Amino acid sequence: MQRGKSYTPAMTTREFDTWFRKHVAIDAFLSVDDSLNGIQVDRSPGEVTRVAFAVDASAESIRRAAESGAQLLFVHHGIFWGKPARLQGNLRERVKLLLDHDIALYACHLPLDADAELGNNACLARGLGLVDIEPFGLYHGVKIGCKGRFEKPLSVDEALGRLGPAASSPLSLIPAGPALVSTAAVVSGGAAMDVFQAIGEGIDLYVTGESSHSVYNDVVEARINFAALGHYATETFGVKAVAERLALETGLETRFLDLPTGL
């Protein structure tokens, strides 16, 4: 690089795909994940200098990405799920927005839940302050969550408070377990039923995104604490972690687009 000349970090969408696959094992989930993980919609040839990050590939997140000047939008929930889809209605509008603004769409679903470093559940487990973290939550033969123990017993409120203000007021809390918890398990998103695995392993606190009426009586009778922090809220952790890692390792500009659903 010559003196006096500025340098703007950049990469192509293919180079981004290569970089991401070095961190997250996308192909390990081909048989269990309906999401089309990886590049879902490409952009015209050229370099990417700014990447936007969001939980969902909605029309609004695409518009926000365009407003931020991003050439690539990374999401947890993409727009293609397991089978051919007709380009009509909302799907057509989203694809049109991407093409009109020449923005590539990159999605990563279950692999981003399960990754031991950048995954939603690993980040949640570390945020709770768990130690001796291990895989948890069997889904079609693959464990996508995490479990661990606290260095010393603490209250449910203290544990959840470590995740930030939003977690201090969970969407649903069933405080049926011990007042002081020593162990916890986490599975982000819509995983209320995985509480039965936590019950089977004698866990004190189970944390997920969504609740379900059908688990209530079992949770109470098994005397386990159940906290649903919101599907959206629990799946911001991995997306933000990828954004931070990308900026650190490549120097690309990144921006997290916060579009909470309240669910």
# chains A, B, ... in the order shown; residues from 1 in each chain; ligands from 1
>>> residues_around(residues="Ala159 of chain A", least_positions_apart="5", cutoff="9 Å", atoms="only C-alpha atoms", output="PyMOL selection string")
chain A and resi 128-129+150+154+168+181
>>> write_last_selection(atoms="N, CA and C atoms", output="mmCIF file, in the first residue's frame")
data_model
loop_
_atom_site.group_PDB
_atom_site.id
_atom_site.type_symbol
_atom_site.label_atom_id
_atom_site.label_comp_id
_atom_site.auth_asym_id
_atom_site.auth_seq_id
_atom_site.Cartn_x
_atom_site.Cartn_y
_atom_site.Cartn_z
ATOM 1 N N LEU A 128 -24.994 -15.870 30.692
ATOM 2 C CA LEU A 128 -25.522 -16.263 31.995
ATOM 3 C C LEU A 128 -24.418 -16.494 33.018
ATOM 4 N N GLY A 129 -23.187 -16.629 32.513
ATOM 5 C CA GLY A 129 -22.063 -16.892 33.408
ATOM 6 C C GLY A 129 -21.858 -18.365 33.687
ATOM 7 N N PHE A 150 -23.456 -22.817 37.315
ATOM 8 C CA PHE A 150 -23.005 -21.541 37.836
ATOM 9 C C PHE A 150 -21.880 -21.788 38.843
ATOM 10 N N LEU A 154 -27.290 -18.962 42.571
ATOM 11 C CA LEU A 154 -27.837 -17.608 42.556
ATOM 12 C C LEU A 154 -29.309 -17.664 42.204
ATOM 13 N N SER A 168 -34.348 -9.270 32.073
ATOM 14 C CA SER A 168 -34.815 -9.062 33.442
ATOM 15 C C SER A 168 -36.333 -9.078 33.520
ATOM 16 N N VAL A 181 -30.432 -21.322 41.906
ATOM 17 C CA VAL A 181 -30.164 -22.291 40.837
ATOM 18 C C VAL A 181 -28.668 -22.542 40.708
#
>>> select_by_dssp(residues="segment 146-232 of chain A", states="helix (DSSP H, G or I)", output="ChimeraX atom specification")
/A:156-161,165-168,192-200,213-222,231-232
>>> write_last_selection(atoms="C-alpha atoms", output="PDB file, in the first residue's frame")
ATOM      1  CA  VAL A 156     -33.251 -16.767  38.819  1.00  0.00           C
ATOM      2  CA  ASP A 157     -33.523 -12.974  38.696  1.00  0.00           C
ATOM      3  CA  GLU A 158     -29.771 -12.603  39.201  1.00  0.00           C
ATOM      4  CA  ALA A 159     -29.042 -15.172  36.493  1.00  0.00           C
ATOM      5  CA  LEU A 160     -31.367 -13.627  33.919  1.00  0.00           C
ATOM      6  CA  GLY A 161     -30.206 -10.122  34.808  1.00  0.00           C
ATOM      7  CA  PRO A 165     -32.397  -5.378  30.787  1.00  0.00           C
ATOM      8  CA  ALA A 166     -34.661  -7.241  28.356  1.00  0.00           C
ATOM      9  CA  ALA A 167     -34.027 -10.576  30.053  1.00  0.00           C
ATOM     10  CA  SER A 168     -34.815  -9.062  33.442  1.00  0.00           C
ATOM     11  CA  ALA A 192     -40.414 -24.853  24.787  1.00  0.00           C
ATOM     12  CA  MET A 193     -40.632 -28.636  24.425  1.00  0.00           C
ATOM     13  CA  ASP A 194     -36.928 -29.069  25.090  1.00  0.00           C
ATOM     14  CA  VAL A 195     -37.711 -28.325  28.734  1.00  0.00           C
ATOM     15  CA  PHE A 196     -38.475 -32.052  28.996  1.00  0.00           C
ATOM     16  CA  GLN A 197     -34.827 -32.790  28.222  1.00  0.00           C
ATOM     17  CA  ALA A 198     -33.834 -30.305  30.934  1.00  0.00           C
ATOM     18  CA  ILE A 199     -36.204 -32.028  33.371  1.00  0.00           C
ATOM     19  CA  GLY A 200     -34.679 -35.384  32.478  1.00  0.00           C
ATOM     20  CA  HIS A 213     -49.246 -23.777  27.607  1.00  0.00           C
ATOM     21  CA  SER A 214     -48.682 -27.486  27.041  1.00  0.00           C
ATOM     22  CA  VAL A 215     -45.522 -27.535  29.188  1.00  0.00           C
ATOM     23  CA  TYR A 216     -46.881 -25.580  32.165  1.00  0.00           C
ATOM     24  CA  ASN A 217     -48.106 -28.385  34.410  1.00  0.00           C
ATOM     25  CA  ASP A 218     -45.053 -30.549  33.731  1.00  0.00           C
ATOM     26  CA  VAL A 219     -42.760 -27.634  34.573  1.00  0.00           C
ATOM     27  CA  VAL A 220     -44.605 -26.986  37.852  1.00  0.00           C
ATOM     28  CA  GLU A 221     -44.737 -30.641  38.850  1.00  0.00           C
ATOM     29  CA  ALA A 222     -41.090 -31.269  37.937  1.00  0.00           C
ATOM     30  CA  HIS A 231     -37.811 -15.811  20.207  1.00  0.00           C
ATOM     31  CA  TYR A 232     -36.350 -12.646  18.715  1.00  0.00           C
TER      32      TYR A 232
END
>>> residues_around(residues="segment 43-53 of chain A", least_positions_apart="5", cutoff="7 Å", atoms="only C-alpha atoms", output="JSON, numbers by chain")
{"A": [9, 10, 11, 12, 13, 65, 69, 70, 71, 72, 73, 74, 75, 102, 103, 104, 239, 243, 252, 253, 254, 255, 256, 257]}
>>> residues_around(residues="Gly189 of chain A", least_positions_apart="3", cutoff="12 Å", atoms="only C-alpha atoms", output="PyMOL selection string")
chain A and resi 55+76-77+109-110+112-114+120-121+124+144-145+186+192-194+207-211+227-238+263
>>> select_by_dssp(residues="segment 53-242 of chain A", states="strand (DSSP E)", output="NGL selection string")
:A and (53-56 or 72-77 or 104-107 or 131-139 or 142-155 or 172-175 or 180-187 or 205-208 or 225-228)
>>> residues_around(residues="Glu134 of chain A", least_positions_apart="3", cutoff="12 Å", atoms="only C-alpha atoms", output="number ranges by chain")
A: 114-117, 121-122, 125-126, 130-131, 137, 143-149, 183-186
>>> closest_residue(among="A:Gly177, A:Gly78, A:Gly38, A:Pro111", to="Ser58 of chain A", atoms="only C-alpha atoms")
A:Gly78
>>> atom_distance(atom1="atom CA of Trp19 of chain A", atom2="atom CA of Leu118 of chain A")
13.4 Å
>>> atom_distance(atom1="atom CA of Ser35 of chain A", atom2="atom CA of Gly251 of chain A")
28.4 Å
>>> closest_residue(among="A:Arg14, A:Ile224, A:Val32, A:Leu105", to="Ala59 of chain A", atoms="only C-alpha atoms")
A:Leu105
>>> decode(residues="segment 208-255 of chain A", atoms="N, CA and C atoms", output="PDB file, in the first residue's frame")
ATOM      1  N   THR A 208     -35.348 -20.368  27.178  1.00  0.00           N
ATOM      2  CA  THR A 208     -35.613 -20.480  25.746  1.00  0.00           C
ATOM      3  C   THR A 208     -36.241 -19.178  25.261  1.00  0.00           C
ATOM      4  N   GLY A 209     -36.763 -19.204  24.046  1.00  0.00           N
ATOM      5  CA  GLY A 209     -37.372 -18.004  23.495  1.00  0.00           C
ATOM      6  C   GLY A 209     -38.870 -17.944  23.700  1.00  0.00           C
ATOM      7  N   GLU A 210     -39.566 -19.030  23.363  1.00  0.00           N
ATOM      8  CA  GLU A 210     -41.022 -19.051  23.422  1.00  0.00           C
ATOM      9  C   GLU A 210     -41.529 -20.026  24.478  1.00  0.00           C
ATOM     10  N   SER A 211     -42.665 -19.687  25.066  1.00  0.00           N
ATOM     11  CA  SER A 211     -43.317 -20.571  26.017  1.00  0.00           C
ATOM     12  C   SER A 211     -44.423 -21.349  25.319  1.00  0.00           C
ATOM     13  N   SER A 212     -45.047 -22.251  26.057  1.00  0.00           N
ATOM     14  CA  SER A 212     -46.163 -23.038  25.535  1.00  0.00           C
ATOM     15  C   SER A 212     -47.021 -23.498  26.704  1.00  0.00           C
ATOM     16  N   HIS A 213     -48.329 -23.330  26.561  1.00  0.00           N
ATOM     17  CA  HIS A 213     -49.246 -23.777  27.607  1.00  0.00           C
ATOM     18  C   HIS A 213     -49.067 -25.263  27.894  1.00  0.00           C
ATOM     19  N   SER A 214     -48.736 -26.036  26.882  1.00  0.00           N
ATOM     20  CA  SER A 214     -48.682 -27.486  27.041  1.00  0.00           C
ATOM     21  C   SER A 214     -47.558 -27.971  27.947  1.00  0.00           C
ATOM     22  N   VAL A 215     -46.599 -27.095  28.296  1.00  0.00           N
ATOM     23  CA  VAL A 215     -45.522 -27.535  29.188  1.00  0.00           C
ATOM     24  C   VAL A 215     -45.758 -27.089  30.633  1.00  0.00           C
ATOM     25  N   TYR A 216     -46.743 -26.230  30.858  1.00  0.00           N
ATOM     26  CA  TYR A 216     -46.881 -25.580  32.165  1.00  0.00           C
ATOM     27  C   TYR A 216     -46.968 -26.568  33.329  1.00  0.00           C
ATOM     28  N   ASN A 217     -47.905 -27.482  33.277  1.00  0.00           N
ATOM     29  CA  ASN A 217     -48.106 -28.385  34.410  1.00  0.00           C
ATOM     30  C   ASN A 217     -46.901 -29.290  34.646  1.00  0.00           C
ATOM     31  N   ASP A 218     -46.249 -29.720  33.563  1.00  0.00           N
ATOM     32  CA  ASP A 218     -45.053 -30.549  33.731  1.00  0.00           C
ATOM     33  C   ASP A 218     -43.924 -29.757  34.372  1.00  0.00           C
ATOM     34  N   VAL A 219     -43.793 -28.492  33.990  1.00  0.00           N
ATOM     35  CA  VAL A 219     -42.760 -27.634  34.573  1.00  0.00           C
ATOM     36  C   VAL A 219     -43.010 -27.462  36.068  1.00  0.00           C
ATOM     37  N   VAL A 220     -44.257 -27.184  36.441  1.00  0.00           N
ATOM     38  CA  VAL A 220     -44.605 -26.986  37.852  1.00  0.00           C
ATOM     39  C   VAL A 220     -44.374 -28.264  38.655  1.00  0.00           C
ATOM     40  N   GLU A 221     -44.842 -29.382  38.106  1.00  0.00           N
ATOM     41  CA  GLU A 221     -44.737 -30.641  38.850  1.00  0.00           C
ATOM     42  C   GLU A 221     -43.308 -31.169  38.912  1.00  0.00           C
ATOM     43  N   ALA A 222     -42.493 -30.837  37.920  1.00  0.00           N
ATOM     44  CA  ALA A 222     -41.090 -31.269  37.937  1.00  0.00           C
ATOM     45  C   ALA A 222     -40.216 -30.317  38.748  1.00  0.00           C
ATOM     46  N   ARG A 223     -40.788 -29.182  39.144  1.00  0.00           N
ATOM     47  CA  ARG A 223     -40.079 -28.192  39.963  1.00  0.00           C
ATOM     48  C   ARG A 223     -38.808 -27.700  39.282  1.00  0.00           C
ATOM     49  N   ILE A 224     -38.993 -27.168  38.084  1.00  0.00           N
ATOM     50  CA  ILE A 224     -37.905 -26.544  37.335  1.00  0.00           C
ATOM     51  C   ILE A 224     -38.312 -25.104  37.031  1.00  0.00           C
ATOM     52  N   ASN A 225     -37.352 -24.208  37.007  1.00  0.00           N
ATOM     53  CA  ASN A 225     -37.608 -22.821  36.613  1.00  0.00           C
ATOM     54  C   ASN A 225     -37.564 -22.724  35.089  1.00  0.00           C
ATOM     55  N   PHE A 226     -38.577 -22.096  34.518  1.00  0.00           N
ATOM     56  CA  PHE A 226     -38.697 -21.984  33.051  1.00  0.00           C
ATOM     57  C   PHE A 226     -38.795 -20.504  32.691  1.00  0.00           C
ATOM     58  N   ALA A 227     -37.901 -20.027  31.826  1.00  0.00           N
ATOM     59  CA  ALA A 227     -37.912 -18.622  31.407  1.00  0.00           C
ATOM     60  C   ALA A 227     -37.918 -18.529  29.893  1.00  0.00           C
ATOM     61  N   ALA A 228     -38.929 -17.858  29.354  1.00  0.00           N
ATOM     62  CA  ALA A 228     -39.006 -17.586  27.913  1.00  0.00           C
ATOM     63  C   ALA A 228     -38.721 -16.106  27.705  1.00  0.00           C
ATOM     64  N   LEU A 229     -37.592 -15.804  27.077  1.00  0.00           N
ATOM     65  CA  LEU A 229     -37.141 -14.422  26.940  1.00  0.00           C
ATOM     66  C   LEU A 229     -37.581 -13.767  25.637  1.00  0.00           C
ATOM     67  N   GLY A 230     -38.227 -14.537  24.762  1.00  0.00           N
ATOM     68  CA  GLY A 230     -38.626 -14.031  23.454  1.00  0.00           C
ATOM     69  C   GLY A 230     -37.816 -14.683  22.353  1.00  0.00           C
ATOM     70  N   HIS A 231     -38.496 -15.169  21.335  1.00  0.00           N
ATOM     71  CA  HIS A 231     -37.811 -15.811  20.207  1.00  0.00           C
ATOM     72  C   HIS A 231     -36.790 -14.847  19.602  1.00  0.00           C
ATOM     73  N   TYR A 232     -37.248 -13.635  19.309  1.00  0.00           N
ATOM     74  CA  TYR A 232     -36.350 -12.646  18.715  1.00  0.00           C
ATOM     75  C   TYR A 232     -35.164 -12.343  19.628  1.00  0.00           C
ATOM     76  N   ALA A 233     -35.449 -12.054  20.896  1.00  0.00           N
ATOM     77  CA  ALA A 233     -34.394 -11.622  21.817  1.00  0.00           C
ATOM     78  C   ALA A 233     -33.299 -12.668  21.961  1.00  0.00           C
ATOM     79  N   THR A 234     -33.680 -13.948  22.043  1.00  0.00           N
ATOM     80  CA  THR A 234     -32.667 -14.978  22.240  1.00  0.00           C
ATOM     81  C   THR A 234     -31.839 -15.228  20.986  1.00  0.00           C
ATOM     82  N   GLU A 235     -32.311 -14.750  19.833  1.00  0.00           N
ATOM     83  CA  GLU A 235     -31.571 -15.027  18.611  1.00  0.00           C
ATOM     84  C   GLU A 235     -30.865 -13.791  18.044  1.00  0.00           C
ATOM     85  N   THR A 236     -30.717 -12.781  18.893  1.00  0.00           N
ATOM     86  CA  THR A 236     -29.863 -11.649  18.524  1.00  0.00           C
ATOM     87  C   THR A 236     -28.412 -11.922  18.900  1.00  0.00           C
ATOM     88  N   PHE A 237     -28.192 -12.822  19.849  1.00  0.00           N
ATOM     89  CA  PHE A 237     -26.858 -13.010  20.419  1.00  0.00           C
ATOM     90  C   PHE A 237     -25.835 -13.498  19.394  1.00  0.00           C
ATOM     91  N   GLY A 238     -26.188 -14.530  18.643  1.00  0.00           N
ATOM     92  CA  GLY A 238     -25.250 -15.054  17.659  1.00  0.00           C
ATOM     93  C   GLY A 238     -25.037 -14.110  16.496  1.00  0.00           C
ATOM     94  N   VAL A 239     -26.117 -13.449  16.062  1.00  0.00           N
ATOM     95  CA  VAL A 239     -26.008 -12.497  14.949  1.00  0.00           C
ATOM     96  C   VAL A 239     -25.036 -11.380  15.314  1.00  0.00           C
ATOM     97  N   LYS A 240     -25.160 -10.858  16.531  1.00  0.00           N
ATOM     98  CA  LYS A 240     -24.252  -9.796  16.983  1.00  0.00           C
ATOM     99  C   LYS A 240     -22.826 -10.310  17.111  1.00  0.00           C
ATOM    100  N   ALA A 241     -22.675 -11.555  17.547  1.00  0.00           N
ATOM    101  CA  ALA A 241     -21.339 -12.123  17.698  1.00  0.00           C
ATOM    102  C   ALA A 241     -20.634 -12.240  16.350  1.00  0.00           C
ATOM    103  N   VAL A 242     -21.379 -12.644  15.310  1.00  0.00           N
ATOM    104  CA  VAL A 242     -20.788 -12.734  13.972  1.00  0.00           C
ATOM    105  C   VAL A 242     -20.390 -11.350  13.476  1.00  0.00           C
ATOM    106  N   ALA A 243     -21.241 -10.358  13.711  1.00  0.00           N
ATOM    107  CA  ALA A 243     -20.927  -8.991  13.288  1.00  0.00           C
ATOM    108  C   ALA A 243     -19.644  -8.496  13.940  1.00  0.00           C
ATOM    109  N   GLU A 244     -19.504  -8.755  15.223  1.00  0.00           N
ATOM    110  CA  GLU A 244     -18.308  -8.319  15.946  1.00  0.00           C
ATOM    111  C   GLU A 244     -17.061  -9.039  15.440  1.00  0.00           C
ATOM    112  N   ARG A 245     -17.190 -10.331  15.193  1.00  0.00           N
ATOM    113  CA  ARG A 245     -16.033 -11.095  14.716  1.00  0.00           C
ATOM    114  C   ARG A 245     -15.616 -10.652  13.313  1.00  0.00           C
ATOM    115  N   LEU A 246     -16.599 -10.401  12.453  1.00  0.00           N
ATOM    116  CA  LEU A 246     -16.292  -9.960  11.088  1.00  0.00           C
ATOM    117  C   LEU A 246     -15.549  -8.629  11.110  1.00  0.00           C
ATOM    118  N   ALA A 247     -16.034  -7.690  11.883  1.00  0.00           N
ATOM    119  CA  ALA A 247     -15.384  -6.384  11.960  1.00  0.00           C
ATOM    120  C   ALA A 247     -13.970  -6.516  12.501  1.00  0.00           C
ATOM    121  N   LEU A 248     -13.794  -7.355  13.511  1.00  0.00           N
ATOM    122  CA  LEU A 248     -12.484  -7.527  14.138  1.00  0.00           C
ATOM    123  C   LEU A 248     -11.479  -8.168  13.189  1.00  0.00           C
ATOM    124  N   GLU A 249     -11.914  -9.193  12.460  1.00  0.00           N
ATOM    125  CA  GLU A 249     -10.974  -9.959  11.642  1.00  0.00           C
ATOM    126  C   GLU A 249     -10.755  -9.375  10.254  1.00  0.00           C
ATOM    127  N   THR A 250     -11.732  -8.660   9.717  1.00  0.00           N
ATOM    128  CA  THR A 250     -11.607  -8.169   8.336  1.00  0.00           C
ATOM    129  C   THR A 250     -11.571  -6.659   8.217  1.00  0.00           C
ATOM    130  N   GLY A 251     -12.044  -5.960   9.235  1.00  0.00           N
ATOM    131  CA  GLY A 251     -12.102  -4.509   9.154  1.00  0.00           C
ATOM    132  C   GLY A 251     -13.311  -3.991   8.404  1.00  0.00           C
ATOM    133  N   LEU A 252     -14.180  -4.874   7.920  1.00  0.00           N
ATOM    134  CA  LEU A 252     -15.386  -4.426   7.235  1.00  0.00           C
ATOM    135  C   LEU A 252     -16.300  -3.678   8.209  1.00  0.00           C
ATOM    136  N   GLU A 253     -17.044  -2.723   7.684  1.00  0.00           N
ATOM    137  CA  GLU A 253     -18.026  -2.021   8.500  1.00  0.00           C
ATOM    138  C   GLU A 253     -19.225  -2.941   8.715  1.00  0.00           C
ATOM    139  N   THR A 254     -19.698  -2.991   9.935  1.00  0.00           N
ATOM    140  CA  THR A 254     -20.867  -3.817  10.248  1.00  0.00           C
ATOM    141  C   THR A 254     -21.881  -2.982  11.030  1.00  0.00           C
ATOM    142  N   ARG A 255     -23.137  -3.356  10.878  1.00  0.00           N
ATOM    143  CA  ARG A 255     -24.198  -2.682  11.621  1.00  0.00           C
ATOM    144  C   ARG A 255     -25.300  -3.677  11.948  1.00  0.00           C
TER     145      ARG A 255
END
